[in-house]
Amino acid sequence: MFGISRHSAADLSELYSPRSLQVSLLFLVALAGVCFAGLTLAGRGSQAQLLLLAGAGFTLVFFPRAAFYVFLVSLSLYMPHRFSQLIVIYPYDLALGIAFLAVVMDFLLRVRTQIRPALFDGPFLVLIAAGGISALFAHSPGHCLVPLIRLVVIFIAFRLVFKFALEIGVRRITLLFIYLVFILALINTLLFFISGGGTRIFGPSVYGFETFCVTALNMALAFLIWSKSPRERRRFGFIALVIGFGVLATQSRAPVLAIVLIIPLLVLFTAVKARREETRLPLRTMKTVFIPLAILLAVFLFLQNTLLAGSLGRYEQFILSFSAPRGSVALRIALWGAAFNAFLDNPITGLGIGNFKIVHDIYPNLVFDPLWYFVKGLSAHNIFLHHLAETGLVGLAALLVLAWRGLRVSYLSFKARLSSADSQVTAALFIAVLSFVLYMRAWTWGQTGYIMAILFGLSAAWTYEQRQRVATSDQ
């Protein structure tokens, strides 16, 4: 179903004629427009909006690529709709469902299809199985259902990214991801300056913006390093600069720390690759990486007592917390301690996937900790400790296998001798997967889970594409 080849079936040509389909859809759109106008004039705005959304979703089912693009863009919007205490639906969930239905319909209406295997199918399925095993021994099985569904949905998203990356192009989707984060960062930067720096700005994507920035900024720098033209270097340098401003607008410490750690690794691996291939292009352009970083530092120093005073205070508090934990650092230490204690009591299968949010019910003594009032119901704020607490050694091993496999595959692709354009893509994907390994956030749920699906889907498609090129050249 996923990764099918694009061959039209002669025996279905009349049924699946593009022209007849377009005419039918245009008629339905016109009919929906008339109904929408009638409901609006009758004062039924909510029904009109529902009709509009339903019509758009129905139309997208017949255009798989358009549905996939809508899914990607929808990741920038954090608009939860709560149906119960456990079930929350987001726009990107609905968009993914529409894209999935579009692929299913495309599969059913075609013959001579080919399901392409992806490198990370096995690790993803093992991760889902590990979550299922933990659910069998969970403290509260009812809390396991939604997280298990989330893992399955992330796998579906991974397969969709893999499929469409092969059809549309890995480079094109990678650039689309970078440009999307650039637009989000630009919006957040403008909002930050308008607010006078007194508010932490996360923008339309809310907390998912942090993970967007950590991955996309380093990907933009990778494109900058391997750019051949000055114009292209200026473009990606500007993109990295704006995303950097977006990070400062959040006043978050973790993304800054992650970026500071990852950029030297990008420079190091690039230098090793350049010397091994005896190419001077990245060695000449590598110094340009520090231009946007220097501009960011200069702006920070210039505005440290005005717009960025709040950010500076949070960074100072973070440094002081190494000797005397306080604020959010102390809260995280409380979460990490609870996660580790939960693991010690349930080392093999953990508390059960989705059960960490009720860890205070499992260990009532936690409620006497004053900090627990602020962190009750949250994650462990460390993806490895969170899986260790909820799914034990079984789940952590599955997550580590996925991380190691992704890092190894992306690094082997990065080591290959390629053109400068292809080196941009493979360097960006390698540093993005490395960011996944080092930035230990909520990679297996919500927006961040979909970002993980994008990174691994692109990496798997890129490796598949490169192997196909080699196989074709050898024939």
# chains A, B, ... in the order shown; residues from 1 in each chain; ligands from 1
>>> residues_around(residues="Phe182 (chain A)", least_positions_apart="2", cutoff="9 Å", atoms="only C-alpha atoms", output="PyMOL selection string")
chain A and resi 177-180+184-187+213+216-217+239-240+242-243+246
>>> select_by_dssp(residues="region 119-286 of chain A", states="helix (DSSP H, G or I)", output="number ranges by chain")
A: 121-136, 141-143, 145-168, 170-194, 208-225, 230-250, 253-277, 281-286
>>> residues_around(residues="Leu125 (chain A)", least_positions_apart="4", cutoff="12 Å", atoms="only C-alpha atoms", output="list in words")
Ala118, Leu119, Phe120, Asp121, Ala129, Ala130, Gly131, Gly132, Leu148, Leu151, Val152, Val153, Ile154, Phe155, Ile156, Phe158, Arg159, Gly395, Ala398, Leu399, Val401 and Leu402 of chain A
>>> write_last_selection(atoms="N, CA, C and O atoms", output="compact mmCIF listing (two decimals), in the first residue's frame")
# COMPACT_ATOMS: atom_id res chain seq x y z
N ALA A 118 11.02 -0.40 3.55
CA ALA A 118 11.84 0.70 4.07
C ALA A 118 12.78 0.16 5.15
O ALA A 118 12.45 -0.80 5.85
N LEU A 119 13.92 0.79 5.27
CA LEU A 119 14.96 0.29 6.17
C LEU A 119 14.51 0.21 7.62
O LEU A 119 14.96 -0.64 8.37
N PHE A 120 13.62 1.12 8.02
CA PHE A 120 13.27 1.19 9.43
C PHE A 120 11.92 0.57 9.75
O PHE A 120 11.38 0.79 10.85
N ASP A 121 11.37 -0.20 8.84
CA ASP A 121 10.11 -0.89 9.12
C ASP A 121 10.23 -1.76 10.36
O ASP A 121 9.39 -1.71 11.27
N ALA A 129 5.61 -3.20 19.17
CA ALA A 129 5.44 -4.45 19.90
C ALA A 129 5.88 -4.31 21.35
O ALA A 129 5.23 -4.84 22.27
N ALA A 130 6.97 -3.58 21.58
CA ALA A 130 7.44 -3.36 22.95
C ALA A 130 6.40 -2.59 23.76
O ALA A 130 6.17 -2.89 24.93
N GLY A 131 5.76 -1.61 23.12
CA GLY A 131 4.69 -0.89 23.80
C GLY A 131 3.52 -1.80 24.12
O GLY A 131 2.92 -1.70 25.20
N GLY A 132 3.20 -2.72 23.20
CA GLY A 132 2.12 -3.68 23.44
C GLY A 132 2.45 -4.63 24.58
O GLY A 132 1.57 -4.96 25.39
N LEU A 148 -0.39 3.65 22.39
CA LEU A 148 -0.14 2.59 21.40
C LEU A 148 -0.63 3.02 20.01
O LEU A 148 0.04 2.79 19.00
N LEU A 151 1.84 5.37 18.46
CA LEU A 151 2.99 4.70 17.84
C LEU A 151 2.64 4.17 16.46
O LEU A 151 3.42 4.28 15.51
N VAL A 152 1.45 3.58 16.34
CA VAL A 152 1.01 3.06 15.05
C VAL A 152 0.85 4.19 14.04
O VAL A 152 1.25 4.08 12.88
N VAL A 153 0.27 5.30 14.50
CA VAL A 153 0.06 6.45 13.62
C VAL A 153 1.40 7.03 13.16
O VAL A 153 1.56 7.43 11.99
N ILE A 154 2.39 7.09 14.06
CA ILE A 154 3.72 7.57 13.68
C ILE A 154 4.33 6.66 12.61
O ILE A 154 4.96 7.13 11.66
N PHE A 155 4.12 5.36 12.75
CA PHE A 155 4.63 4.42 11.75
C PHE A 155 3.95 4.66 10.40
O PHE A 155 4.60 4.64 9.35
N ILE A 156 2.64 4.91 10.43
CA ILE A 156 1.92 5.22 9.18
C ILE A 156 2.48 6.49 8.55
O ILE A 156 2.69 6.57 7.34
N PHE A 158 5.48 7.67 8.91
CA PHE A 158 6.81 7.31 8.38
C PHE A 158 6.68 6.68 7.00
O PHE A 158 7.42 7.03 6.07
N ARG A 159 5.72 5.75 6.85
CA ARG A 159 5.55 5.08 5.57
C ARG A 159 5.07 6.06 4.49
O ARG A 159 5.48 5.99 3.32
N GLY A 395 11.28 -1.90 26.12
CA GLY A 395 10.95 -0.73 25.31
C GLY A 395 12.14 0.16 25.03
O GLY A 395 12.28 0.69 23.92
N ALA A 398 14.20 -1.31 22.28
CA ALA A 398 13.58 -1.09 20.97
C ALA A 398 13.83 0.34 20.48
O ALA A 398 14.14 0.56 19.30
N LEU A 399 13.73 1.32 21.38
CA LEU A 399 13.97 2.71 21.00
C LEU A 399 15.44 2.93 20.62
O LEU A 399 15.75 3.62 19.65
N VAL A 401 17.50 0.69 19.45
CA VAL A 401 17.76 0.04 18.16
C VAL A 401 17.32 0.95 17.02
O VAL A 401 18.03 1.10 16.01
N LEU A 402 16.15 1.57 17.16
CA LEU A 402 15.69 2.51 16.14
C LEU A 402 16.65 3.68 15.99
O LEU A 402 17.01 4.07 14.87
>>> residues_around(residues="Leu96 (chain A)", least_positions_apart="5", cutoff="9 Å", atoms="only C-alpha atoms", output="list in words")
Ala67, Phe68, Val70, Phe71, Leu72, Pro91, Leu101, Val153, Ile156, Ala157 and Leu160 of chain A
>>> residues_around(residues="Ile259 (chain A)", least_positions_apart="3", cutoff="8 Å", atoms="only C-alpha atoms", output="number ranges by chain")
A: 214, 218, 255-256, 262-263
>>> residues_around(residues="Leu241 (chain A)", least_positions_apart="6", cutoff="8 Å", atoms="only C-alpha atoms", output="list in words")
Pro292, Leu293, Ile295 and Leu296 of chain A
>>> write_last_selection(atoms="N, CA, C and O atoms", output="PDB file, in the first residue's frame")
ATOM      1  N   PRO A 292      26.097  33.597  10.586  1.00  0.00           N
ATOM      2  CA  PRO A 292      24.806  33.798  11.264  1.00  0.00           C
ATOM      3  C   PRO A 292      24.908  33.623  12.771  1.00  0.00           C
ATOM      4  O   PRO A 292      24.203  34.313  13.525  1.00  0.00           O
ATOM      5  N   LEU A 293      25.794  32.723  13.231  1.00  0.00           N
ATOM      6  CA  LEU A 293      25.961  32.535  14.668  1.00  0.00           C
ATOM      7  C   LEU A 293      26.563  33.784  15.306  1.00  0.00           C
ATOM      8  O   LEU A 293      26.152  34.198  16.410  1.00  0.00           O
ATOM      9  N   ILE A 295      26.265  36.846  14.140  1.00  0.00           N
ATOM     10  CA  ILE A 295      25.223  37.881  14.126  1.00  0.00           C
ATOM     11  C   ILE A 295      24.256  37.676  15.290  1.00  0.00           C
ATOM     12  O   ILE A 295      23.866  38.634  15.979  1.00  0.00           O
ATOM     13  N   LEU A 296      23.884  36.427  15.519  1.00  0.00           N
ATOM     14  CA  LEU A 296      22.994  36.127  16.645  1.00  0.00           C
ATOM     15  C   LEU A 296      23.628  36.550  17.970  1.00  0.00           C
ATOM     16  O   LEU A 296      22.970  37.149  18.832  1.00  0.00           O
TER      17      LEU A 296
END
>>> residues_around(residues="region 222-231 of chain A", least_positions_apart="6", cutoff="8 Å", atoms="only C-alpha atoms", output="PyMOL selection string")
chain A and resi 237+266+281-282+285-286+288-289+420-421+423-425+427-428+431
>>> closest_residue(among="A:Lys415, A:Thr215, A:Val329, A:Arg233", to="Arg275 (chain A)", atoms="only C-alpha atoms")
A:Lys415
>>> closest_residue(among="A:Phe193, A:Leu388, A:Ile454, A:Gln447", to="Trp336 (chain A)", atoms="only C-alpha atoms")
A:Leu388
>>> select_by_dssp(residues="region 26-233 of chain A", states="strand (DSSP E)", output="PyMOL selection string")
chain A and resi 81-82+88-89
>>> write_last_selection(atoms="all heavy atoms", output="PDB file, in the first residue's frame")
ATOM      1  N   HIS A  81      -8.229  19.459  20.006  1.00  0.00           N
ATOM      2  CA  HIS A  81      -9.669  19.363  20.275  1.00  0.00           C
ATOM      3  C   HIS A  81      -9.867  18.143  21.172  1.00  0.00           C
ATOM      4  O   HIS A  81      -9.669  17.011  20.745  1.00  0.00           O
ATOM      5  CB  HIS A  81     -10.469  19.215  18.980  1.00  0.00           C
ATOM      6  CG  HIS A  81     -11.949  19.227  19.200  1.00  0.00           C
ATOM      7  ND1 HIS A  81     -12.670  20.388  19.394  1.00  0.00           N
ATOM      8  CD2 HIS A  81     -12.854  18.215  19.284  1.00  0.00           C
ATOM      9  CE1 HIS A  81     -13.950  20.102  19.574  1.00  0.00           C
ATOM     10  NE2 HIS A  81     -14.080  18.777  19.510  1.00  0.00           N
ATOM     11  N   ARG A  82     -10.230  18.380  22.410  1.00  0.00           N
ATOM     12  CA  ARG A  82     -10.333  17.311  23.400  1.00  0.00           C
ATOM     13  C   ARG A  82     -11.723  16.682  23.374  1.00  0.00           C
ATOM     14  O   ARG A  82     -12.740  17.361  23.516  1.00  0.00           O
ATOM     15  CB  ARG A  82     -10.024  17.852  24.787  1.00  0.00           C
ATOM     16  CG  ARG A  82     -10.005  16.790  25.874  1.00  0.00           C
ATOM     17  CD  ARG A  82      -9.519  17.356  27.192  1.00  0.00           C
ATOM     18  NE  ARG A  82      -8.121  17.740  27.115  1.00  0.00           N
ATOM     19  CZ  ARG A  82      -7.100  16.888  27.271  1.00  0.00           C
ATOM     20  NH1 ARG A  82      -7.348  15.608  27.504  1.00  0.00           N
ATOM     21  NH2 ARG A  82      -5.864  17.312  27.185  1.00  0.00           N
ATOM     22  N   VAL A  88      -7.376  13.289  22.524  1.00  0.00           N
ATOM     23  CA  VAL A  88      -7.230  14.626  21.977  1.00  0.00           C
ATOM     24  C   VAL A  88      -6.867  14.492  20.502  1.00  0.00           C
ATOM     25  O   VAL A  88      -5.948  13.752  20.149  1.00  0.00           O
ATOM     26  CB  VAL A  88      -6.138  15.432  22.712  1.00  0.00           C
ATOM     27  CG1 VAL A  88      -6.049  16.844  22.156  1.00  0.00           C
ATOM     28  CG2 VAL A  88      -6.415  15.471  24.210  1.00  0.00           C
ATOM     29  N   ILE A  89      -7.588  15.198  19.635  1.00  0.00           N
ATOM     30  CA  ILE A  89      -7.347  15.144  18.199  1.00  0.00           C
ATOM     31  C   ILE A  89      -6.813  16.496  17.745  1.00  0.00           C
ATOM     32  O   ILE A  89      -7.296  17.549  18.159  1.00  0.00           O
ATOM     33  CB  ILE A  89      -8.633  14.806  17.424  1.00  0.00           C
ATOM     34  CG1 ILE A  89      -9.181  13.443  17.878  1.00  0.00           C
ATOM     35  CG2 ILE A  89      -8.364  14.785  15.921  1.00  0.00           C
ATOM     36  CD1 ILE A  89      -8.271  12.278  17.588  1.00  0.00           C
TER      37      ILE A  89
END
>>> atom_distance(atom1="CA of Arg280 (chain A)", atom2="CA of Ala416 (chain A)")
16.1 Å
>>> decode(residues="region 365-428 of chain A", atoms="C-alpha atoms", output="CSV table (one decimal), in the first residue's frame")
chain,number,residue,atom,x,y,z
A,365,ASN,CA,4.4,9.4,48.5
A,366,LEU,CA,5.2,11.6,45.5
A,367,VAL,CA,2.4,14.0,46.3
A,368,PHE,CA,4.2,15.1,49.4
A,369,ASP,CA,7.0,16.5,47.3
A,370,PRO,CA,6.2,20.2,46.8
A,371,LEU,CA,7.5,20.1,43.2
A,372,TRP,CA,5.1,17.4,42.2
A,373,TYR,CA,2.2,19.8,42.2
A,374,PHE,CA,3.8,21.5,39.1
A,375,VAL,CA,4.8,18.4,37.2
A,376,LYS,CA,2.0,16.0,37.9
A,377,GLY,CA,0.6,14.5,34.7
A,378,LEU,CA,3.6,15.4,32.5
A,379,SER,CA,6.2,13.2,30.7
A,380,ALA,CA,9.6,12.5,32.1
A,381,HIS,CA,11.1,15.2,29.8
A,382,ASN,CA,13.7,12.7,28.6
A,383,ILE,CA,12.6,10.3,26.0
A,384,PHE,CA,14.9,7.5,27.1
A,385,LEU,CA,14.0,7.8,30.8
A,386,HIS,CA,10.4,8.0,29.8
A,387,HIS,CA,10.5,4.7,27.8
A,388,LEU,CA,12.6,3.2,30.6
A,389,ALA,CA,9.9,4.0,33.1
A,390,GLU,CA,6.9,3.0,30.9
A,391,THR,CA,8.2,0.1,28.9
A,392,GLY,CA,11.2,-1.0,30.8
A,393,LEU,CA,14.3,-2.5,29.3
A,394,VAL,CA,12.3,-4.1,26.5
A,395,GLY,CA,10.9,-0.7,25.3
A,396,LEU,CA,14.2,1.2,25.8
A,397,ALA,CA,16.1,-1.5,23.8
A,398,ALA,CA,13.6,-1.1,21.0
A,399,LEU,CA,14.0,2.7,21.0
A,400,LEU,CA,17.8,2.5,21.1
A,401,VAL,CA,17.8,0.0,18.2
A,402,LEU,CA,15.7,2.5,16.1
A,403,ALA,CA,18.0,5.4,17.1
A,404,TRP,CA,21.2,3.4,16.3
A,405,ARG,CA,19.8,2.1,13.0
A,406,GLY,CA,18.8,5.5,11.9
A,407,LEU,CA,22.1,7.1,12.9
A,408,ARG,CA,24.1,4.3,11.2
A,409,VAL,CA,22.2,4.4,8.0
A,410,SER,CA,22.3,8.2,7.7
A,411,TYR,CA,26.0,8.2,8.5
A,412,LEU,CA,26.8,5.6,5.8
A,413,SER,CA,24.9,7.7,3.3
A,414,PHE,CA,26.7,10.8,4.5
A,415,LYS,CA,30.1,9.0,4.0
A,416,ALA,CA,29.4,8.2,0.3
A,417,ARG,CA,31.0,10.4,-2.3
A,418,LEU,CA,28.3,12.5,-4.0
A,419,SER,CA,27.7,15.7,-5.9
A,420,SER,CA,27.5,18.9,-3.9
A,421,ALA,CA,23.7,19.0,-4.3
A,422,ASP,CA,23.4,15.4,-3.1
A,423,SER,CA,25.9,16.1,-0.3
A,424,GLN,CA,23.6,18.9,0.9
A,425,VAL,CA,20.7,16.5,1.3
A,426,THR,CA,22.7,13.6,2.9
A,427,ALA,CA,24.5,16.0,5.3
A,428,ALA,CA,21.2,17.6,6.3
